[in-house]
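File shown: my_file03.cif (mmCIF, C-alpha atoms).
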```cif
data_query
loop_
_atom_site.label_atom_id
_atom_site.label_comp_id
_atom_site.auth_asym_id
_atom_site.auth_seq_id
_atom_site.Cartn_x
_atom_site.Cartn_y
_atom_site.Cartn_z
CA MET A 25 9.69 34.36 -10.78
CA ASN A 26 8.83 36.49 -7.73
CA VAL A 27 7.14 34.77 -4.81
CA SER A 28 3.96 36.62 -3.87
CA LYS A 29 3.94 38.54 -0.61
CA ILE A 30 1.33 38.62 2.16
CA ILE A 31 1.24 41.94 3.99
CA GLY A 32 -0.04 42.53 7.52
CA ILE A 33 -1.18 45.95 8.75
CA ASP A 34 -2.05 46.88 12.35
CA VAL A 35 -3.88 50.19 12.62
CA GLY A 36 -3.55 51.15 16.29
CA GLY A 37 -4.60 54.09 18.40
CA SER A 38 -1.27 55.88 18.03
CA THR A 39 0.74 54.00 15.38
CA THR A 40 0.26 52.00 12.21
CA LYS A 41 2.56 49.02 11.71
CA ILE A 42 3.19 46.93 8.62
CA VAL A 43 5.09 43.72 7.95
CA GLY A 44 5.31 41.11 5.22
CA PHE A 45 6.04 37.45 4.52
CA ASP A 46 6.72 35.49 1.36
CA SER A 47 3.68 33.31 0.72
CA ALA A 48 6.04 30.32 0.41
CA ASP A 49 7.95 31.04 3.64
CA SER A 50 6.13 31.89 6.87
CA GLU A 51 9.37 31.96 8.88
CA LYS A 52 11.13 35.02 7.48
CA VAL A 53 9.82 38.43 8.52
CA ILE A 54 10.18 41.18 5.90
CA SER A 55 11.44 44.42 7.51
CA PRO A 56 8.57 45.63 9.72
CA ILE A 57 8.03 49.40 9.99
CA SER A 58 5.93 51.71 12.13
CA VAL A 59 4.52 55.21 11.50
CA LYS A 60 2.59 57.63 13.67
CA ALA A 61 -1.18 57.36 13.29
CA SER A 62 -2.63 60.80 13.97
CA ASP A 63 -4.85 60.12 10.97
CA GLN A 64 -5.52 56.42 10.40
CA MET A 65 -6.21 56.56 6.66
CA ALA A 66 -3.17 58.73 5.94
CA SER A 67 -0.94 56.56 8.10
CA VAL A 68 -2.07 53.33 6.42
CA TYR A 69 -1.32 54.63 2.94
CA GLY A 70 1.89 56.25 4.13
CA ALA A 71 3.11 53.09 5.84
CA PHE A 72 2.17 50.97 2.83
CA GLY A 73 4.08 53.22 0.44
CA LYS A 74 7.13 53.41 2.68
CA PHE A 75 7.16 49.64 3.26
CA THR A 76 6.90 48.66 -0.40
CA ALA A 77 9.45 51.25 -1.53
CA SER A 78 12.05 50.41 1.13
CA ASN A 79 11.77 46.68 0.42
CA GLY A 80 11.59 46.91 -3.37
CA ILE A 81 8.13 45.33 -3.46
CA GLU A 82 5.84 45.99 -6.44
CA LEU A 83 2.07 46.03 -6.03
CA SER A 84 1.95 43.07 -8.42
CA ASP A 85 4.10 41.10 -5.93
CA ILE A 86 1.41 41.31 -3.22
CA SER A 87 -1.30 38.66 -3.16
CA LYS A 88 -3.16 39.69 -0.02
CA VAL A 89 -3.30 42.29 2.73
CA MET A 90 -4.40 41.25 6.24
CA ILE A 91 -5.62 44.11 8.43
CA THR A 92 -6.24 44.33 12.16
CA GLY A 93 -6.31 46.90 14.97
CA VAL A 94 -8.73 49.39 16.46
CA GLY A 95 -8.46 51.68 13.44
CA SER A 96 -8.84 48.97 10.80
CA ALA A 97 -12.53 49.76 10.31
CA PHE A 98 -11.42 52.78 8.26
CA ILE A 99 -10.23 50.36 5.55
CA GLU A 100 -13.42 49.00 4.04
CA SER A 101 -12.34 47.99 0.56
CA ARG A 102 -9.27 47.22 -1.51
CA LEU A 103 -5.95 48.91 -0.81
CA TYR A 104 -4.31 50.10 -4.02
CA GLY A 105 -6.53 47.57 -5.76
CA ILE A 106 -5.31 44.68 -3.59
CA GLU A 107 -7.72 42.41 -1.71
CA THR A 108 -7.91 43.18 2.01
CA ASN A 109 -9.07 40.87 4.79
CA HIS A 110 -9.87 41.88 8.35
CA THR A 111 -8.76 39.57 11.15
CA SER A 112 -9.39 39.53 14.91
CA GLU A 113 -6.92 41.67 16.84
CA PHE A 114 -6.87 39.32 19.82
CA GLU A 115 -6.11 36.32 17.62
CA CYS A 116 -3.32 38.34 16.02
CA VAL A 117 -1.90 39.15 19.47
CA GLY A 118 -1.84 35.47 20.40
CA ARG A 119 -0.58 34.19 17.06
CA GLY A 120 2.12 36.83 16.75
CA GLY A 121 3.26 36.45 20.35
CA LEU A 122 3.76 32.71 19.97
CA PHE A 123 5.55 33.14 16.64
CA ILE A 124 8.16 35.65 17.80
CA SER A 125 8.73 33.87 21.14
CA GLY A 126 8.82 30.34 19.76
CA TYR A 127 6.58 29.07 22.56
CA GLU A 128 3.74 26.61 22.13
CA LYS A 129 1.77 28.04 25.04
CA ALA A 130 2.02 31.40 26.82
CA ILE A 131 0.18 34.42 28.07
CA ILE A 132 0.62 37.17 25.49
CA VAL A 133 0.40 40.74 26.80
CA SER A 134 -0.03 43.48 24.21
CA MET A 135 1.13 46.77 25.73
CA GLY A 136 0.06 49.64 23.52
CA THR A 137 -2.07 52.69 24.25
CA GLY A 138 -3.98 50.30 26.53
CA THR A 139 -3.27 46.68 27.39
CA ALA A 140 -4.80 43.39 26.23
CA VAL A 141 -4.11 39.92 27.65
CA VAL A 142 -4.51 36.78 25.50
CA ALA A 143 -3.99 33.14 26.50
CA ALA A 144 -2.39 31.40 23.51
CA ASP A 145 -1.95 27.65 23.09
CA ARG A 146 -1.18 26.08 19.71
CA ASN A 147 -2.51 22.70 20.86
CA ALA A 148 -5.78 23.82 22.45
CA SER A 149 -9.16 23.65 20.76
CA GLN A 150 -9.46 27.40 21.40
CA LYS A 151 -6.00 28.56 20.44
CA TYR A 152 -6.42 32.23 21.34
CA GLU A 153 -8.55 33.35 24.28
CA TYR A 154 -8.98 37.00 25.17
CA MET A 155 -8.76 37.14 28.95
CA GLY A 156 -9.36 40.84 29.44
CA GLY A 157 -7.24 43.91 29.69
CA THR A 158 -6.86 47.33 31.22
CA GLY A 159 -6.94 50.94 30.11
CA VAL A 160 -3.53 51.31 31.75
CA GLY A 161 -0.86 51.50 29.09
CA GLY A 162 1.14 53.90 26.97
CA GLY A 163 -1.69 56.41 26.95
CA THR A 164 -1.56 56.46 30.75
CA ILE A 165 2.15 57.19 30.73
CA VAL A 166 1.80 60.03 28.23
CA GLY A 167 -1.23 61.53 30.00
CA LEU A 168 0.31 61.50 33.47
CA ALA A 169 3.63 62.80 32.19
CA LYS A 170 1.89 65.70 30.48
CA GLN A 171 -0.10 66.60 33.59
CA MET A 172 2.63 66.05 36.20
CA LEU A 173 5.77 67.00 34.31
CA GLY A 174 4.61 69.07 31.36
CA ILE A 175 6.12 66.49 28.99
CA SER A 176 4.20 64.97 26.08
CA ASP A 177 7.12 63.50 24.11
CA ILE A 178 7.67 59.86 25.10
CA ASP A 179 11.36 59.89 24.10
CA HIS A 180 11.97 62.90 26.35
CA LEU A 181 10.21 61.09 29.20
CA ILE A 182 12.32 57.95 28.72
CA GLU A 183 15.50 60.03 28.80
CA LEU A 184 14.33 61.90 31.87
CA ALA A 185 13.51 58.66 33.71
CA ASP A 186 17.07 57.42 33.30
CA GLY A 187 18.70 57.75 36.70
CA GLY A 188 15.45 58.29 38.59
CA ASP A 189 15.11 56.86 42.11
CA LEU A 190 11.82 55.10 42.93
CA ARG A 191 12.48 55.34 46.66
CA ASN A 192 11.77 59.06 46.49
CA VAL A 193 8.28 58.33 45.18
CA ASP A 194 7.11 54.78 45.92
CA LEU A 195 6.46 53.23 49.33
CA MET A 196 8.34 49.92 49.66
CA ILE A 197 7.61 47.06 52.02
CA ASP A 198 10.74 47.79 54.05
CA ASP A 199 9.47 51.35 54.58
CA ILE A 200 6.57 50.05 56.66
CA THR A 201 7.83 46.84 58.29
CA LYS A 202 10.99 44.87 58.96
CA LYS A 203 9.04 41.63 59.44
CA ASP A 204 8.74 38.91 56.85
CA ILE A 205 5.44 39.19 54.96
CA GLY A 206 4.81 35.85 53.35
CA GLY A 207 8.28 35.70 51.85
CA LEU A 208 7.77 38.86 49.81
CA PRO A 209 10.99 40.77 49.04
CA THR A 210 11.42 43.91 51.12
CA TYR A 211 12.11 45.99 48.01
CA MET A 212 8.66 45.18 46.60
CA THR A 213 6.35 48.14 46.00
CA ALA A 214 3.74 48.53 48.72
CA SER A 215 2.17 51.67 47.21
CA ASN A 216 2.95 53.43 43.94
CA PHE A 217 3.44 57.14 44.67
CA GLY A 218 2.80 56.32 48.34
CA LYS A 219 5.95 58.10 49.53
CA LEU A 220 6.17 61.04 47.15
CA SER A 221 8.89 63.16 48.68
CA ASP A 222 9.41 66.91 48.46
CA ILE A 223 12.91 66.14 47.22
CA ALA A 224 11.66 63.92 44.40
CA SER A 225 13.11 65.12 41.12
CA LYS A 226 11.42 65.11 37.73
CA SER A 227 13.54 62.07 36.90
CA ASP A 228 12.21 60.25 39.96
CA ILE A 229 8.61 61.03 39.00
CA ALA A 230 9.15 60.08 35.35
CA LEU A 231 10.53 56.70 36.38
CA ALA A 232 7.72 56.19 38.89
CA ILE A 233 5.06 56.80 36.24
CA ILE A 234 6.59 54.21 33.92
CA ASN A 235 7.14 51.77 36.80
CA MET A 236 3.53 52.07 38.01
CA VAL A 237 2.18 51.21 34.56
CA TYR A 238 4.56 48.27 34.13
CA GLU A 239 3.81 46.88 37.61
CA SER A 240 0.06 47.19 37.06
CA ILE A 241 0.29 45.36 33.73
CA GLY A 242 2.69 42.81 35.20
CA MET A 243 0.37 41.84 38.03
CA LEU A 244 -2.54 41.44 35.62
CA ALA A 245 -0.34 39.12 33.56
CA VAL A 246 0.71 37.11 36.62
CA PHE A 247 -2.92 36.47 37.58
CA ALA A 248 -3.71 35.41 34.01
CA ALA A 249 -0.70 33.06 33.89
CA ARG A 250 -1.64 31.42 37.17
CA SER A 251 -5.19 30.82 35.94
CA LYS A 252 -3.81 29.03 32.86
CA ASN A 253 -1.13 27.08 34.73
CA THR A 254 1.79 28.57 32.85
CA LYS A 255 4.80 30.66 33.82
CA ASP A 256 5.61 32.01 30.36
CA ILE A 257 4.46 35.59 29.70
CA VAL A 258 5.35 37.21 26.37
CA LEU A 259 5.34 41.00 26.20
CA ILE A 260 4.62 42.71 22.89
CA GLY A 261 3.67 46.23 21.75
CA ASN A 262 5.41 49.60 21.86
CA LEU A 263 5.85 49.65 25.64
CA SER A 264 7.91 46.45 25.47
CA THR A 265 10.77 48.32 23.78
CA MET A 266 11.26 51.06 26.38
CA PRO A 267 14.58 50.63 28.25
CA GLN A 268 12.81 50.45 31.62
CA ALA A 269 10.80 47.37 30.54
CA LYS A 270 13.47 44.67 30.87
CA PRO A 271 14.70 45.50 34.40
CA THR A 272 11.15 46.02 35.70
CA PHE A 273 9.81 42.73 34.35
CA LYS A 274 12.99 40.89 35.37
CA LYS A 275 12.24 41.99 38.92
CA LEU A 276 8.63 40.80 38.60
CA SER A 277 9.84 37.46 37.22
CA GLU A 278 11.99 36.95 40.29
CA MET A 279 9.26 38.03 42.72
CA PHE A 280 6.52 35.80 41.37
CA GLY A 281 8.38 32.89 39.78
CA MET A 282 7.28 33.87 36.28
CA ASN A 283 9.13 34.03 32.97
CA PHE A 284 8.48 37.43 31.43
CA VAL A 285 10.10 37.58 27.98
CA ILE A 286 10.51 40.36 25.41
CA PRO A 287 11.37 38.70 22.07
CA GLU A 288 12.92 40.23 18.97
CA HIS A 289 10.38 42.29 17.00
CA SER A 290 8.24 42.50 20.17
CA GLU A 291 6.72 45.85 19.13
CA PHE A 292 5.46 44.20 15.93
CA GLY A 293 3.90 41.12 17.54
CA THR A 294 0.29 41.93 16.63
CA VAL A 295 0.96 42.89 13.01
CA ILE A 296 3.09 39.76 12.54
CA GLY A 297 0.12 37.78 13.83
CA ALA A 298 -2.08 39.51 11.25
CA ALA A 299 0.21 38.67 8.35
CA LEU A 300 0.36 35.03 9.48
CA ALA A 301 -3.44 34.69 9.76
CA ASP A 302 -3.73 33.21 6.27
CA PHE A 303 -0.91 30.65 6.58
#
```
As structure tokens, how would this structure be written, given the file I've shared?
Amino acid sequence: MNVSKIIGIDVGGSTTKIVGFDSADSEKVISPISVKASDQMASVYGAFGKFTASNGIELSDISKVMITGVGSAFIESRLYGIETNHTSEFECVGRGGLFISGYEKAIIVSMGTGTAVVAADRNASQKYEYMGGTGVGGGTIVGLAKQMLGISDIDHLIELADGGDLRNVDLMIDDITKKDIGGLPTYMTASNFGKLSDIASKSDIALAIINMVYESIGMLAVFAARSKNTKDIVLIGNLSTMPQAKPTFKKLSEMFGMNFVIPEHSEFGTVIGAALADF
């Protein structure tokens, strides 16, 4: 007899993501997928069809669909006749971030079109606390790249940024002083785009755009972690998978004594949290 499946769907500003779990096993993630969300309704039905077909899941196998995300309001009733339940996006961020990282307590940072910060603690009376966020995120990267470089394709931007040199764009501490400033490393950014050189290449600028967004998000996360007396910061969302993420956040970890982590399935953290909401 087939074990019923619980499906999670995250309808975001630019992508729709879907994942599943067996109702009897909340530990095994069923092949998450992501599709572009230029039209939320079309992307939801498209993602649902692709997910069920690729995983050999029949509609009769699905007991419940859990929906979250900024575009979830478009789904007001049943999906292919299956019961749907809406769940808080911020709770999904916290729940999913803890699940994929294995931590009991951490700051979860969802880096999508914009950025949301959630304090998550399995043992607290309020397990998931939305601490705020910023409009700086993937949308910022795409918008600046389009205006400054004439590039709107994120994959092209990532490729262009490979080999870029931040020192042709950003002002570093050692550019303005040789003295010790409170133990801060001399290679730390003093001003993003504060030393934009005439010789800066498109690769330099592409890398600087990505770096500025990551550093802005990283500092917000550091302040949140300090306020909750933790050093563990879990990064989820589409921006967590870009190749520039790991080296940038490794540097921030070293600078501020934090533990930035990017777990497996990091881009699917929120939708995993949605699917787990009923367990």
*Enumerate, as a PyMOL selection string, the residues matched when the PyMOL selection byres ((chain A and resi 45) around 6) is run on the file above.*
chain A and resi 29-30+44+46+53-54
*Of the candidates A:Met65, A:Ala214, A:Ala130, A:Ile234, which one gets nearest to A:Ser251 if we count only C-alpha atoms?*
A:Ala130
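Among the candidates A:Thr139, A:Ser47, A:Gln64, A:Thr39, the one nearest to A:Phe303 when counting all atoms listed in the file is A:Ser47.
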_So that I can see what lies close to stretch 289-294 of chain A, please list as number ranges by chain the residues with an atom at most 7 Å from it, counting all atoms listed in the file and leaving out residues fewer than 5 positions away in the same chain._
A: 34, 116-117, 120-121, 124, 259-262, 264-265
For the selection just defined, write its residues with C-alpha atoms to a file, as an mmCIF file, in the coordinates of the input.
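The resulting file, selection-v7.cif, is shown below:
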```cif
data_model
loop_
_atom_site.group_PDB
_atom_site.id
_atom_site.type_symbol
_atom_site.label_atom_id
_atom_site.label_comp_id
_atom_site.auth_asym_id
_atom_site.auth_seq_id
_atom_site.Cartn_x
_atom_site.Cartn_y
_atom_site.Cartn_z
ATOM 1 C CA ASP A 34 -2.050 46.880 12.350
ATOM 2 C CA CYS A 116 -3.320 38.340 16.020
ATOM 3 C CA VAL A 117 -1.900 39.150 19.470
ATOM 4 C CA GLY A 120 2.120 36.830 16.750
ATOM 5 C CA GLY A 121 3.260 36.450 20.350
ATOM 6 C CA ILE A 124 8.160 35.650 17.800
ATOM 7 C CA LEU A 259 5.340 41.000 26.200
ATOM 8 C CA ILE A 260 4.620 42.710 22.890
ATOM 9 C CA GLY A 261 3.670 46.230 21.750
ATOM 10 C CA ASN A 262 5.410 49.600 21.860
ATOM 11 C CA SER A 264 7.910 46.450 25.470
ATOM 12 C CA THR A 265 10.770 48.320 23.780
#
```
*Please measure the separation of atom CA of A:Glu107 and atom CA of A:Lys60, giving the value in Å to one decimal.*
24.0 Å
_Contacts of A:Ile42 at 6 Å (all atoms listed in the file; same-chain gap of 3+ positions) as an MDAnalysis selection string_ = chainID A and resid 32:33 56:57
*Counting only C-alpha atoms, what is within 12 Å of A:Leu168, bar same-chain residues fewer than 4 positions away, as a PyMOL selection string?*
chain A and resi 160-164+172-178+181+229-234+236-237
With all atoms listed in the file as the counted atoms, please give the residues lying no more than 12 Å from A:Pro271, apart from itself and same-chain residues fewer than 3 positions off, as a compact mmCIF listing (two decimals) with C-alpha atoms, in the coordinates of the input.
```
# COMPACT_ATOMS: atom_id res chain seq x y z
CA ILE A 234 6.59 54.21 33.92
CA ASN A 235 7.14 51.77 36.80
CA TYR A 238 4.56 48.27 34.13
CA GLU A 239 3.81 46.88 37.61
CA SER A 264 7.91 46.45 25.47
CA THR A 265 10.77 48.32 23.78
CA MET A 266 11.26 51.06 26.38
CA PRO A 267 14.58 50.63 28.25
CA GLN A 268 12.81 50.45 31.62
CA LYS A 274 12.99 40.89 35.37
CA LYS A 275 12.24 41.99 38.92
CA LEU A 276 8.63 40.80 38.60
CA SER A 277 9.84 37.46 37.22
CA GLU A 278 11.99 36.95 40.29
CA PHE A 284 8.48 37.43 31.43
CA VAL A 285 10.10 37.58 27.98
CA ILE A 286 10.51 40.36 25.41
```
*Could you tell me how far atom CA of A:Ile205 lies from atom CA of A:Ile131, in Å and to one decimal?*
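Computing it gives 27.8 Å between the two atoms.
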With all heavy atoms as the target, complete stretch 289-300 of chain A and hand it back as a compact mmCIF listing (two decimals), in the coordinates of the input.
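See part.txt below for the written result:
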```txt
# COMPACT_ATOMS: atom_id res chain seq x y z
N HIS A 289 11.56 41.79 17.72
CA HIS A 289 10.38 42.29 17.00
C HIS A 289 9.15 42.38 17.91
O HIS A 289 8.01 42.33 17.43
CB HIS A 289 10.04 41.42 15.79
CG HIS A 289 11.09 41.38 14.73
ND1 HIS A 289 11.72 42.52 14.26
CD2 HIS A 289 11.62 40.34 14.03
CE1 HIS A 289 12.59 42.18 13.32
NE2 HIS A 289 12.56 40.88 13.17
N SER A 290 9.36 42.52 19.23
CA SER A 290 8.24 42.50 20.17
C SER A 290 7.21 43.59 19.86
O SER A 290 6.00 43.38 20.03
CB SER A 290 8.74 42.65 21.61
OG SER A 290 9.42 43.89 21.79
N GLU A 291 7.67 44.77 19.41
CA GLU A 291 6.72 45.85 19.13
C GLU A 291 5.82 45.55 17.94
O GLU A 291 4.78 46.17 17.74
CB GLU A 291 7.45 47.19 18.93
CG GLU A 291 8.26 47.28 17.66
CD GLU A 291 9.71 46.85 17.83
OE1 GLU A 291 9.98 45.83 18.50
OE2 GLU A 291 10.59 47.55 17.28
N PHE A 292 6.22 44.54 17.12
CA PHE A 292 5.46 44.20 15.93
C PHE A 292 4.70 42.88 16.08
O PHE A 292 4.25 42.30 15.09
CB PHE A 292 6.40 44.11 14.73
CG PHE A 292 7.07 45.41 14.38
CD1 PHE A 292 8.39 45.63 14.72
CD2 PHE A 292 6.37 46.42 13.72
CE1 PHE A 292 9.02 46.83 14.41
CE2 PHE A 292 6.98 47.62 13.42
CZ PHE A 292 8.31 47.84 13.76
N GLY A 293 4.54 42.42 17.32
CA GLY A 293 3.90 41.12 17.54
C GLY A 293 2.52 41.01 16.92
O GLY A 293 2.20 40.01 16.25
N THR A 294 1.67 42.01 17.12
CA THR A 294 0.29 41.93 16.63
C THR A 294 0.23 41.94 15.11
O THR A 294 -0.51 41.17 14.49
CB THR A 294 -0.56 43.09 17.19
OG1 THR A 294 -0.55 43.02 18.61
CG2 THR A 294 -1.99 43.00 16.70
N VAL A 295 1.01 42.81 14.47
CA VAL A 295 0.96 42.89 13.01
C VAL A 295 1.57 41.64 12.37
O VAL A 295 1.13 41.19 11.31
CB VAL A 295 1.65 44.18 12.50
CG1 VAL A 295 3.16 44.14 12.67
CG2 VAL A 295 1.27 44.43 11.05
N ILE A 296 2.56 41.03 13.02
CA ILE A 296 3.09 39.76 12.54
C ILE A 296 2.00 38.69 12.61
O ILE A 296 1.83 37.88 11.68
CB ILE A 296 4.35 39.35 13.34
CG1 ILE A 296 5.52 40.24 12.96
CG2 ILE A 296 4.69 37.87 13.13
CD1 ILE A 296 6.76 40.06 13.81
N GLY A 297 1.24 38.71 13.70
CA GLY A 297 0.12 37.78 13.83
C GLY A 297 -0.92 37.97 12.74
O GLY A 297 -1.54 37.02 12.27
N ALA A 298 -1.13 39.23 12.32
CA ALA A 298 -2.08 39.51 11.25
C ALA A 298 -1.60 38.94 9.94
O ALA A 298 -2.36 38.29 9.21
CB ALA A 298 -2.29 41.02 11.13
N ALA A 299 -0.34 39.17 9.61
CA ALA A 299 0.21 38.67 8.35
C ALA A 299 0.20 37.15 8.27
O ALA A 299 0.04 36.57 7.19
CB ALA A 299 1.64 39.19 8.17
N LEU A 300 0.32 36.50 9.44
CA LEU A 300 0.36 35.03 9.48
C LEU A 300 -1.04 34.40 9.51
O LEU A 300 -1.16 33.18 9.47
CB LEU A 300 1.13 34.56 10.72
CG LEU A 300 2.65 34.83 10.71
CD1 LEU A 300 3.24 34.52 12.07
CD2 LEU A 300 3.33 33.99 9.64
```
